[in-house]
>>> print(open('data-v8.csv').read())   # CSV, C-alpha atoms
chain,number,residue,atom,x,y,z
A,1,MET,CA,54.2,134.2,132.1
A,2,ALA,CA,51.6,132.0,133.7
A,3,THR,CA,48.2,133.4,134.7
A,4,TYR,CA,48.4,131.9,138.2
A,5,LYS,CA,51.4,131.2,140.5
A,6,TYR,CA,51.4,128.3,142.9
A,7,GLU,CA,52.8,130.4,145.8
A,8,ASN,CA,50.1,133.0,145.4
A,9,LEU,CA,47.4,130.4,145.4
A,10,LYS,CA,49.0,128.8,148.4
A,11,ASN,CA,48.7,132.0,150.3
A,12,GLN,CA,45.2,132.7,149.1
A,13,TYR,CA,44.0,129.3,150.2
A,14,ALA,CA,45.9,129.2,153.5
A,15,ASP,CA,48.3,126.5,152.6
A,16,PHE,CA,45.5,124.4,151.0
A,17,GLU,CA,44.1,123.4,154.3
A,18,ASN,CA,40.4,123.0,155.1
A,19,PRO,CA,39.0,122.2,151.5
A,20,VAL,CA,35.4,123.3,151.0
A,21,VAL,CA,32.6,122.8,148.5
A,22,VAL,CA,29.6,125.0,147.9
A,23,LEU,CA,26.8,123.2,146.2
A,24,LYS,CA,23.7,125.0,145.2
A,25,VAL,CA,20.5,123.6,143.6
A,26,ASP,CA,18.1,126.2,142.2
A,27,ASN,CA,20.3,128.7,144.1
A,28,LYS,CA,19.6,127.0,147.4
A,29,ASP,CA,22.9,126.3,149.3
A,30,PHE,CA,22.8,122.7,150.3
A,31,LYS,CA,24.5,123.5,153.6
A,32,SER,CA,21.4,125.5,154.6
A,33,ASN,CA,19.3,122.3,154.9
A,34,LYS,CA,18.0,121.7,158.4
A,35,LYS,CA,17.2,118.0,157.9
A,36,GLY,CA,20.7,116.7,158.6
A,37,LEU,CA,21.4,115.8,155.0
A,38,VAL,CA,25.0,115.1,154.1
A,39,VAL,CA,26.5,115.5,150.6
A,40,SER,CA,29.6,113.6,149.7
A,41,ASP,CA,31.6,112.0,146.8
A,42,ILE,CA,31.5,115.1,144.7
A,43,GLU,CA,33.1,114.8,141.2
A,44,VAL,CA,33.1,117.4,138.5
A,45,GLU,CA,34.4,116.3,135.0
A,46,LEU,CA,35.1,119.2,132.7
A,47,THR,CA,36.1,119.0,129.0
A,48,CYS,CA,36.7,121.2,126.0
A,49,GLY,CA,35.9,118.3,123.7
A,50,TYR,CA,32.5,117.7,122.1
A,51,GLU,CA,31.2,115.6,125.0
A,52,ALA,CA,29.2,117.1,127.8
A,53,SER,CA,30.7,118.2,131.1
A,54,ILE,CA,29.2,116.3,134.1
A,55,ALA,CA,29.0,116.6,137.8
A,56,THR,CA,27.9,113.9,140.3
A,57,PHE,CA,27.3,113.9,144.0
A,58,SER,CA,25.7,111.7,146.6
A,59,ILE,CA,23.3,112.6,149.4
A,60,TYR,CA,23.2,110.6,152.6
A,61,ASN,CA,21.0,110.5,155.7
A,62,VAL,CA,18.0,110.2,153.4
A,63,PHE,CA,16.6,106.9,154.5
A,64,GLU,CA,14.3,106.0,157.4
A,65,GLN,CA,15.4,102.5,158.6
A,66,HIS,CA,12.2,101.9,160.7
A,67,THR,CA,9.9,102.6,157.7
A,68,SER,CA,12.3,101.4,155.0
A,69,LYS,CA,11.5,104.5,153.0
A,70,PHE,CA,13.5,107.4,151.5
A,71,LYS,CA,12.7,110.8,153.1
A,72,ILE,CA,11.4,112.4,149.9
A,73,GLU,CA,9.9,115.4,151.5
A,74,ASP,CA,13.3,116.3,153.0
A,75,ILE,CA,15.3,115.8,149.8
A,76,LYS,CA,12.9,116.7,147.0
A,77,LYS,CA,14.2,120.2,146.5
A,78,TYR,CA,17.7,118.9,145.9
A,79,ILE,CA,16.9,116.1,143.5
A,80,CYS,CA,14.3,117.6,141.2
A,81,LEU,CA,15.1,116.8,137.5
A,82,GLY,CA,15.8,119.9,135.5
A,83,SER,CA,16.9,122.0,138.6
A,84,ALA,CA,19.9,124.3,138.1
A,85,VAL,CA,23.2,123.1,139.8
A,86,GLU,CA,26.2,125.2,140.7
A,87,ILE,CA,29.4,123.8,142.3
A,88,ALA,CA,32.2,125.9,143.7
A,89,LEU,CA,35.4,124.4,145.2
A,90,GLY,CA,38.2,125.8,147.2
A,91,TYR,CA,39.6,126.2,150.7
A,92,GLY,CA,38.5,127.9,153.9
A,93,SER,CA,36.2,130.8,153.0
A,94,SER,CA,37.4,131.0,149.4
A,95,ALA,CA,35.6,128.9,146.8
A,96,LYS,CA,35.7,129.2,143.0
A,97,LEU,CA,32.8,128.3,140.6
A,98,VAL,CA,33.7,125.3,138.5
A,99,PHE,CA,30.4,123.9,137.2
A,100,CYS,CA,27.0,125.1,136.0
A,101,GLY,CA,24.4,122.6,134.8
A,102,PHE,CA,21.1,120.9,135.4
A,103,ILE,CA,20.0,117.7,137.2
A,104,ALA,CA,19.7,115.1,134.4
A,105,LYS,CA,19.6,111.9,136.4
A,106,VAL,CA,18.8,110.7,139.9
A,107,ASN,CA,19.7,107.2,141.4
A,108,PHE,CA,18.3,105.9,144.6
A,109,PHE,CA,20.6,103.2,146.0
A,110,TYR,CA,20.2,100.7,148.8
A,111,GLU,CA,22.3,97.7,149.8
A,112,LYS,CA,21.8,95.7,152.9
A,113,GLY,CA,24.7,96.5,155.3
A,114,ASP,CA,25.6,99.7,153.5
A,115,ILE,CA,24.5,103.3,153.8
A,116,PRO,CA,21.5,104.1,151.5
A,117,GLY,CA,21.6,107.3,149.5
A,118,VAL,CA,20.8,109.3,146.4
A,119,LYS,CA,23.2,109.9,143.6
A,120,VAL,CA,22.6,113.0,141.5
A,121,THR,CA,24.1,113.5,138.0
A,122,ALA,CA,24.1,117.0,136.5
A,123,MET,CA,25.1,117.9,132.9
A,124,ASP,CA,25.8,121.1,131.1
A,125,VAL,CA,23.7,122.4,128.2
A,126,LYS,CA,24.8,119.7,125.8
A,127,GLY,CA,22.7,117.2,127.7
A,128,ILE,CA,19.6,119.0,126.4
A,129,MET,CA,21.0,119.7,123.0
A,130,MET,CA,21.6,116.0,122.3
A,131,ALA,CA,17.9,115.0,122.7
A,132,ASN,CA,16.2,116.5,119.7
A,133,ASN,CA,16.5,115.4,116.1
A,134,TYR,CA,14.9,117.2,113.2
A,135,SER,CA,15.3,118.8,109.7
A,136,ARG,CA,14.7,122.6,109.2
A,137,GLN,CA,15.8,125.5,107.2
A,138,LEU,CA,17.6,128.1,109.3
A,139,THR,CA,17.5,131.8,108.5
A,140,ALA,CA,21.3,132.1,109.0
A,141,LYS,CA,23.6,132.3,106.0
A,142,THR,CA,26.8,131.5,107.9
A,143,TYR,CA,27.6,128.8,110.4
A,144,SER,CA,28.4,131.2,113.3
A,145,ALA,CA,25.1,132.9,112.7
A,146,ALA,CA,23.4,129.5,112.6
A,147,VAL,CA,24.9,128.6,116.0
A,148,ARG,CA,23.6,131.9,117.4
A,149,GLU,CA,20.2,131.1,116.0
A,150,ILE,CA,20.1,127.7,117.7
A,151,PHE,CA,21.0,129.2,121.1
A,152,ASN,CA,18.1,131.7,120.7
A,153,LYS,CA,15.6,128.8,121.0
A,154,ASN,CA,13.2,128.8,123.9
A,155,ALA,CA,14.9,125.9,125.8
A,156,TYR,CA,18.3,127.7,125.9
A,157,VAL,CA,16.7,131.1,126.7
A,158,THR,CA,15.1,129.4,129.7
A,159,MET,CA,18.4,127.9,130.7
A,160,ASN,CA,19.9,131.4,130.5
A,161,THR,CA,17.1,132.7,132.8
A,162,LYS,CA,17.9,130.0,135.3
A,163,GLN,CA,21.7,130.8,135.0
A,164,ILE,CA,22.5,127.2,133.7
A,165,ILE,CA,23.8,129.2,130.7
A,166,LYS,CA,25.3,132.4,131.9
A,167,SER,CA,26.3,133.7,128.4
A,168,VAL,CA,27.1,132.5,124.9
A,169,ASN,CA,30.4,133.4,123.3
A,170,ILE,CA,30.4,132.7,119.6
A,171,THR,CA,33.3,133.6,117.3
A,172,ASP,CA,32.5,134.3,113.6
A,173,THR,CA,33.3,131.5,111.3
A,174,PRO,CA,35.5,132.0,108.1
A,175,ASP,CA,32.5,131.5,105.8
A,176,GLN,CA,31.7,135.2,106.3
A,177,LYS,CA,34.7,136.4,104.3
A,178,PHE,CA,36.4,136.1,100.9
A,179,SER,CA,40.1,135.5,100.9
A,180,LYS,CA,40.5,139.3,100.2
A,181,GLY,CA,38.7,140.0,103.4
A,182,GLN,CA,35.4,141.3,101.9
A,183,THR,CA,32.1,140.3,103.6
A,184,LYS,CA,30.4,137.4,101.8
A,185,GLU,CA,26.7,136.7,101.9
A,186,SER,CA,25.7,133.2,100.8
A,187,ASP,CA,22.9,133.0,98.3
A,188,ARG,CA,21.3,130.2,100.4
A,189,THR,CA,20.5,129.7,104.0
A,190,ILE,CA,21.9,126.8,106.1
A,191,GLU,CA,19.9,123.7,106.5
A,192,MET,CA,19.7,121.1,109.4
A,193,VAL,CA,19.1,117.6,108.0
A,194,CYS,CA,18.0,114.9,110.5
A,195,GLU,CA,20.3,116.1,113.2
A,196,SER,CA,20.1,117.4,116.8
A,197,ASP,CA,21.2,120.9,117.8
A,198,TYR,CA,24.2,119.2,119.4
A,199,GLU,CA,25.1,117.3,116.2
A,200,PHE,CA,24.7,120.5,114.1
A,201,VAL,CA,27.0,122.6,116.3
A,202,VAL,CA,29.6,119.9,116.5
A,203,LYS,CA,29.5,119.5,112.7
A,204,ALA,CA,30.1,123.3,112.3
A,205,ALA,CA,32.9,123.2,114.9
A,206,LYS,CA,34.7,120.4,113.0
A,207,LYS,CA,34.2,122.1,109.7
A,208,TYR,CA,36.2,125.1,110.8
A,209,ASN,CA,38.5,123.7,113.4
A,210,TYR,CA,36.5,125.2,116.2
A,211,GLU,CA,35.9,124.1,119.8
A,212,PHE,CA,32.4,123.9,121.4
A,213,PHE,CA,32.3,123.5,125.2
A,214,THR,CA,31.0,125.1,128.4
A,215,GLU,CA,33.1,126.7,131.1
A,216,GLN,CA,31.6,128.0,134.3
A,217,GLY,CA,28.3,128.4,132.5
A,218,ILE,CA,29.7,130.3,129.5
A,219,VAL,CA,29.2,128.5,126.2
A,220,TYR,CA,32.1,128.8,123.8
A,221,PHE,CA,32.1,128.3,120.1
A,222,ARG,CA,35.6,129.4,119.1
A,223,LYS,CA,38.7,128.7,117.0
A,224,ALA,CA,40.5,125.7,118.6
A,225,LYS,CA,43.3,126.5,121.1
A,226,SER,CA,42.8,130.3,120.5
A,227,ASN,CA,43.9,131.0,124.1
A,228,ASN,CA,47.7,130.4,124.0
A,229,GLU,CA,48.3,131.8,127.5
A,230,VAL,CA,49.8,129.4,130.0
A,231,LEU,CA,47.3,129.0,132.9
A,232,MET,CA,49.8,127.6,135.4
A,233,ASP,CA,53.2,126.0,135.8
A,234,LEU,CA,53.0,122.6,137.6
A,235,SER,CA,55.9,120.6,139.1
A,236,PRO,CA,56.4,118.2,142.0
A,237,ALA,CA,57.2,121.3,144.1
A,238,THR,CA,54.1,123.2,143.0
A,239,GLY,CA,51.2,120.9,143.5
A,240,LEU,CA,51.9,118.0,141.2
A,241,ARG,CA,51.5,114.6,143.0
A,242,ASP,CA,52.1,112.2,140.2
A,243,PHE,CA,52.3,112.3,136.4
A,244,ASP,CA,52.6,110.1,133.3
A,245,VAL,CA,53.8,111.7,130.0
A,246,GLU,CA,53.6,109.7,126.8
A,247,TYR,CA,54.8,110.4,123.3
A,248,ASP,CA,53.5,108.2,120.5
A,249,ILE,CA,54.3,108.4,116.8
A,250,THR,CA,51.8,105.8,115.6
A,251,GLY,CA,49.1,107.4,113.4
A,252,LEU,CA,51.3,110.3,112.3
A,253,VAL,CA,51.8,111.1,108.7
A,254,GLU,CA,53.9,113.7,106.9
A,255,GLN,CA,51.1,115.2,104.8
A,256,ILE,CA,47.4,115.6,104.9
A,257,GLN,CA,45.2,116.5,102.0
A,258,ALA,CA,41.5,117.4,101.7
A,259,ARG,CA,39.7,117.2,98.4
A,260,SER,CA,36.4,117.9,96.8
A,261,MET,CA,35.0,118.4,93.3
A,262,ASP,CA,33.7,121.6,91.7
A,263,ASN,CA,31.1,120.1,89.4
A,264,GLY,CA,30.3,123.4,87.7
A,265,LYS,CA,33.9,123.9,86.6
A,266,ALA,CA,34.8,120.2,86.5
A,267,LYS,CA,38.0,120.6,88.5
A,268,ILE,CA,39.3,119.3,91.8
A,269,ILE,CA,39.4,121.5,94.9
A,270,GLN,CA,42.2,120.6,97.2
A,271,ALA,CA,44.5,121.8,100.0
A,272,LYS,CA,47.4,120.2,101.7
A,273,ARG,CA,49.6,120.7,104.7
A,274,LYS,CA,52.9,119.2,105.9
A,275,PHE,CA,53.6,118.0,109.4
A,276,ASN,CA,56.8,119.6,110.6
A,277,ASN,CA,56.6,119.3,114.4
A,278,LYS,CA,59.6,118.0,116.4
A,279,ILE,CA,58.6,114.5,117.5
A,280,SER,CA,61.9,113.0,118.7
A,281,ILE,CA,65.2,113.9,120.5
A,282,GLY,CA,66.9,112.4,117.4
A,283,ASN,CA,66.0,112.1,113.8
A,284,LYS,CA,64.9,108.5,113.5
A,285,ALA,CA,61.2,109.0,114.0
A,286,LYS,CA,60.8,111.4,111.1
A,287,GLN,CA,62.3,108.8,108.7
A,288,TYR,CA,59.4,106.5,109.4
A,289,ILE,CA,56.7,109.0,108.4
A,290,LYS,CA,58.5,110.5,105.4
A,291,LYS,CA,56.4,110.7,102.3
A,292,SER,CA,53.4,109.2,104.1
A,293,GLU,CA,50.0,110.9,103.7
A,294,LYS,CA,46.3,110.9,104.4
A,295,VAL,CA,43.8,112.0,101.8
A,296,TYR,CA,40.3,113.0,102.9
A,297,ILE,CA,37.4,113.3,100.5
A,298,ASP,CA,34.8,115.9,101.7
A,299,PRO,CA,32.0,116.7,99.2
A,300,THR,CA,30.8,119.6,101.4
A,301,ILE,CA,34.0,121.6,100.6
A,302,ASP,CA,33.2,124.2,97.9
A,303,SER,CA,36.3,126.5,98.0
A,304,ILE,CA,40.1,126.4,98.5
A,305,GLU,CA,39.6,128.3,101.8
A,306,GLU,CA,37.2,125.7,103.1
A,307,ALA,CA,39.6,122.9,102.0
A,308,ASP,CA,42.4,124.6,103.9
A,309,ASN,CA,40.3,125.0,107.0
A,310,ARG,CA,39.5,121.3,106.8
A,311,VAL,CA,43.2,120.3,106.4
A,312,GLN,CA,44.1,122.6,109.3
A,313,SER,CA,41.5,120.9,111.5
A,314,LEU,CA,42.6,117.4,110.5
A,315,MET,CA,46.3,118.3,111.0
A,316,GLU,CA,45.7,119.7,114.5
A,317,GLU,CA,43.6,116.7,115.5
A,318,MET,CA,46.4,114.4,114.4
A,319,SER,CA,49.2,116.5,115.9
A,320,TYR,CA,47.6,116.7,119.4
A,321,ARG,CA,47.4,112.9,119.6
A,322,PHE,CA,51.2,112.8,119.8
A,323,GLY,CA,51.9,113.8,123.4
A,324,THR,CA,49.6,112.9,126.3
A,325,LEU,CA,49.8,114.0,130.0
A,326,GLU,CA,47.9,112.4,132.7
A,327,CYS,CA,48.5,113.7,136.2
A,328,ASN,CA,47.1,114.2,139.7
A,329,CYS,CA,47.7,117.4,141.7
A,330,ILE,CA,46.4,119.1,144.7
A,331,GLY,CA,42.9,120.5,144.3
A,332,LEU,CA,43.1,123.6,142.2
A,333,PRO,CA,39.7,125.1,141.0
A,334,GLU,CA,41.7,127.5,138.7
A,335,LEU,CA,42.6,124.6,136.4
A,336,LEU,CA,40.2,124.5,133.4
A,337,PRO,CA,40.0,122.7,130.1
A,338,GLY,CA,40.6,124.7,127.0
A,339,ARG,CA,43.8,126.3,128.4
A,340,PHE,CA,47.5,125.4,128.4
A,341,ILE,CA,49.6,124.4,131.4
A,342,LYS,CA,53.3,123.8,131.6
A,343,LEU,CA,54.9,120.8,133.2
A,344,ASP,CA,58.0,122.3,134.7
A,345,ALA,CA,61.2,121.5,136.6
A,346,ILE,CA,61.2,117.8,135.6
A,347,GLY,CA,63.7,117.8,132.8
A,348,TYR,CA,63.6,117.4,129.0
A,349,PRO,CA,61.7,115.8,127.2
A,350,PRO,CA,58.7,115.3,129.5
A,351,GLU,CA,58.9,119.0,130.5
A,352,ASN,CA,56.5,120.5,128.0
A,353,LYS,CA,53.5,122.7,127.4
A,354,PHE,CA,50.1,120.7,127.3
A,355,TYR,CA,46.6,121.7,126.3
A,356,LEU,CA,44.1,120.6,128.9
A,357,VAL,CA,41.3,118.6,127.3
A,358,ASN,CA,39.9,117.1,130.5
A,359,VAL,CA,39.9,118.3,134.1
A,360,LYS,CA,38.3,116.3,136.9
A,361,HIS,CA,37.8,117.8,140.3
A,362,ARG,CA,37.1,115.2,143.1
A,363,PHE,CA,36.1,116.0,146.6
A,364,SER,CA,35.7,113.3,149.3
A,365,GLU,CA,36.0,113.0,153.1
A,366,GLU,CA,38.7,110.5,152.8
A,367,ARG,CA,41.1,112.2,150.3
A,368,GLY,CA,39.9,115.8,150.4
A,369,PHE,CA,40.1,117.9,147.2
A,370,GLU,CA,42.1,116.5,144.3
A,371,THR,CA,42.4,117.6,140.6
A,372,PHE,CA,43.1,115.1,137.8
A,373,LEU,CA,44.3,116.4,134.4
A,374,VAL,CA,44.6,115.1,130.8
A,375,GLY,CA,46.6,117.3,128.5
A,376,LYS,CA,47.8,117.0,124.9
A,377,ALA,CA,51.0,118.2,123.1
A,378,ALA,CA,51.6,118.5,119.4
A,379,SER,CA,55.4,118.3,119.6
A,380,ILE,CA,58.2,117.2,122.0
A,381,GLY,CA,59.9,119.2,124.7
A,382,GLY,CA,58.3,122.6,125.1
A,383,SER,CA,56.5,123.7,122.0
A,384,ALA,CA,52.8,123.1,122.1
A,385,ASN,CA,51.7,126.3,120.4
A,386,GLY,CA,50.3,124.5,117.4
A,387,LEU,CA,51.7,123.7,114.0
A,388,ILE,CA,55.2,124.8,113.1
>>> encode(input="data-v8.csv", output="structure tokens")
Amino acid sequence: MATYKYENLKNQYADFENPVVVLKVDNKDFKSNKKGLVVSDIEVELTCGYEASIATFSIYNVFEQHTSKFKIEDIKKYICLGSAVEIALGYGSSAKLVFCGFIAKVNFFYEKGDIPGVKVTAMDVKGIMMANNYSRQLTAKTYSAAVREIFNKNAYVTMNTKQIIKSVNITDTPDQKFSKGQTKESDRTIEMVCESDYEFVVKAAKKYNYEFFTEQGIVYFRKAKSNNEVLMDLSPATGLRDFDVEYDITGLVEQIQARSMDNGKAKIIQAKRKFNNKISIGNKAKQYIKKSEKVYIDPTIDSIEEADNRVQSLMEEMSYRFGTLECNCIGLPELLPGRFIKLDAIGYPPENKFYLVNVKHRFSEERGFETFLVGKAASIGGSANGLI
């Protein structure tokens, strides 16, 4: 059963009429400005991938024609680099928070014959995490503890105080346990080697098939696709305006292996998994990948459990390249990356369950409020719950 129903949202948002945006900079509502400033061209691009989520908006009525100068005193409180930004979207008197971040870039634009303005670009916490680069020995003995240690640094504590980060949700990584379930304490702490906070956390996520992204100010470091619940059913009758579903078998193999070497015991550490997902309405496609394989050599693997985690991550990455959904629907702030949606009532095989990896909300005077989605499926026709 889906979390949201289109008919319920239609009632809540009064038939999706009168789209609204609530934009706050350092907790100041932009609409409260008394200088006649106008905000437009709002776009929020959210992702559960490793890139940062970004929001952009433009401010108009900011230029004095007779002096040929920007009205800095009027706009400075809304364009200050580092300021906290919150954007909520919806309809009528009901708006839902979709983005939390900070102002990372400001562009002043002027072209003769056109309206001058200021374009503001805001990013989530990853924009700050990408900047540094250093080597240090952490006190943490597991990767999840190391991620927690990083987010306890002053920069991120300050972002939490400003509500750019509202909370940090970190799931324990498998390196805390033996295969029998007993707690394991490493005899060495984890080291960062010539890498940024961002690079380190992404490396940890890839190592254990985890996701690292921000949703409504909450930072998630968690097992990939751990929330299997369907967020919403979409169809041409329930908000869907257009869609393109593609299934592509290029790049698929039947088996993936991960290998390393235990130098102390002079033996190979390896794990393998077989791809069994349904990828065709017939049986011809599977014939082309039969007995094909990819072998990855990873010297950082030091146990069978770690090898299997690496294979699982590689298999899932390959699997979810198979099916791709790109679509445009009526503006729905409830749609978020890192969740599943179901494309419904359009017939088999495009009718399927897709994992949202990119959600773009766009608000403009010309077109109103629209939402664009990119989703991924690991198999054909209805089963996107992971590996079979």
>>> residues_around(input="data-v8.csv", residues="Ser40 in chain A", least_positions_apart="5", cutoff="9 Å", atoms="all atoms listed in the file", output="short mmCIF file (atom, residue, chain, number, x, y, z; two decimals) with C-alpha atoms, keeping the file's coordinate frame")
data_model
loop_
_atom_site.label_atom_id
_atom_site.label_comp_id
_atom_site.auth_asym_id
_atom_site.auth_seq_id
_atom_site.Cartn_x
_atom_site.Cartn_y
_atom_site.Cartn_z
CA PHE A 57 27.30 113.90 144.00
CA SER A 58 25.70 111.70 146.60
CA ILE A 59 23.30 112.60 149.40
CA TYR A 60 23.20 110.60 152.60
CA PHE A 363 36.10 116.00 146.60
CA SER A 364 35.70 113.30 149.30
CA GLU A 365 36.00 113.00 153.10
#
>>> residues_around(input="data-v8.csv", residues="range 6-8 of chain A", least_positions_apart="6", cutoff="10 Å", atoms="all atoms listed in the file", output="count of residues only")
10
>>> closest_residue(input="data-v8.csv", among="A:Thr371, A:Thr47, A:Gln287, A:Gln137", to="Phe243 in chain A", atoms="only C-alpha atoms")
A:Thr371
>>> residues_around(input="data-v8.csv", residues="range 48-55 of chain A", least_positions_apart="2", cutoff="6 Å", atoms="all atoms listed in the file", output="list in words")
Glu43, Val44, Glu45, Leu46, Thr121, Ala122, Met123, Asp124, Lys126, Phe213, Pro337, Gly338 and Val357 of chain A
>>> atom_distance(input="data-v8.csv", atom1="CA of Val193 in chain A", atom2="CA of Leu138 in chain A")
10.7 Å
>>> closest_residue(input="data-v8.csv", among="A:Val311, A:Leu336, A:Ile380, A:Leu356", to="Ile281 in chain A", atoms="all atoms listed in the file")
A:Ile380
>>> residues_around(input="data-v8.csv", residues="range 252-262 of chain A", least_positions_apart="4", cutoff="7 Å", atoms="only C-alpha atoms", output="PyMOL selection string")
chain A and resi 266-275+289-299+301-302+307+310-311+315+318
>>> build_atoms(input="data-v8.csv", residues="range 288-303 of chain A", atoms="N, CA and C atoms", output="short mmCIF file (atom, residue, chain, number, x, y, z; two decimals), in the coordinates of the input")
data_model
loop_
_atom_site.label_atom_id
_atom_site.label_comp_id
_atom_site.auth_asym_id
_atom_site.auth_seq_id
_atom_site.Cartn_x
_atom_site.Cartn_y
_atom_site.Cartn_z
N TYR A 288 60.42 107.47 109.55
CA TYR A 288 59.40 106.50 109.40
C TYR A 288 58.07 107.06 108.83
N ILE A 289 57.91 108.37 108.92
CA ILE A 289 56.70 109.00 108.40
C ILE A 289 56.95 109.76 107.10
N LYS A 290 58.19 109.78 106.64
CA LYS A 290 58.50 110.50 105.40
C LYS A 290 57.73 110.03 104.24
N LYS A 291 57.15 110.97 103.50
CA LYS A 291 56.40 110.70 102.30
C LYS A 291 55.04 109.99 102.56
N SER A 292 54.66 109.81 103.80
CA SER A 292 53.40 109.20 104.10
C SER A 292 52.29 110.31 104.06
N GLU A 293 51.05 109.94 103.77
CA GLU A 293 50.00 110.90 103.70
C GLU A 293 48.62 110.33 103.92
N LYS A 294 47.71 111.21 104.27
CA LYS A 294 46.30 110.90 104.40
C LYS A 294 45.52 111.82 103.49
N VAL A 295 44.62 111.25 102.70
CA VAL A 295 43.80 112.00 101.80
C VAL A 295 42.33 111.88 102.23
N TYR A 296 41.66 113.00 102.51
CA TYR A 296 40.30 113.00 102.90
C TYR A 296 39.40 113.57 101.81
N ILE A 297 38.35 112.86 101.45
CA ILE A 297 37.40 113.30 100.50
C ILE A 297 36.18 113.90 101.20
N ASP A 298 35.90 115.19 101.00
CA ASP A 298 34.80 115.90 101.70
C ASP A 298 33.96 116.61 100.67
N PRO A 299 32.82 116.05 100.25
CA PRO A 299 32.00 116.70 99.20
C PRO A 299 31.37 118.01 99.63
N THR A 300 31.40 118.34 100.94
CA THR A 300 30.80 119.60 101.40
C THR A 300 31.74 120.79 101.16
N ILE A 301 33.00 120.54 100.85
CA ILE A 301 34.00 121.60 100.60
C ILE A 301 33.66 122.23 99.23
N ASP A 302 33.54 123.57 99.17
CA ASP A 302 33.20 124.20 97.90
C ASP A 302 34.20 125.36 97.56
N SER A 303 35.33 125.45 98.29
CA SER A 303 36.30 126.50 98.00
C SER A 303 37.68 126.06 98.52
#
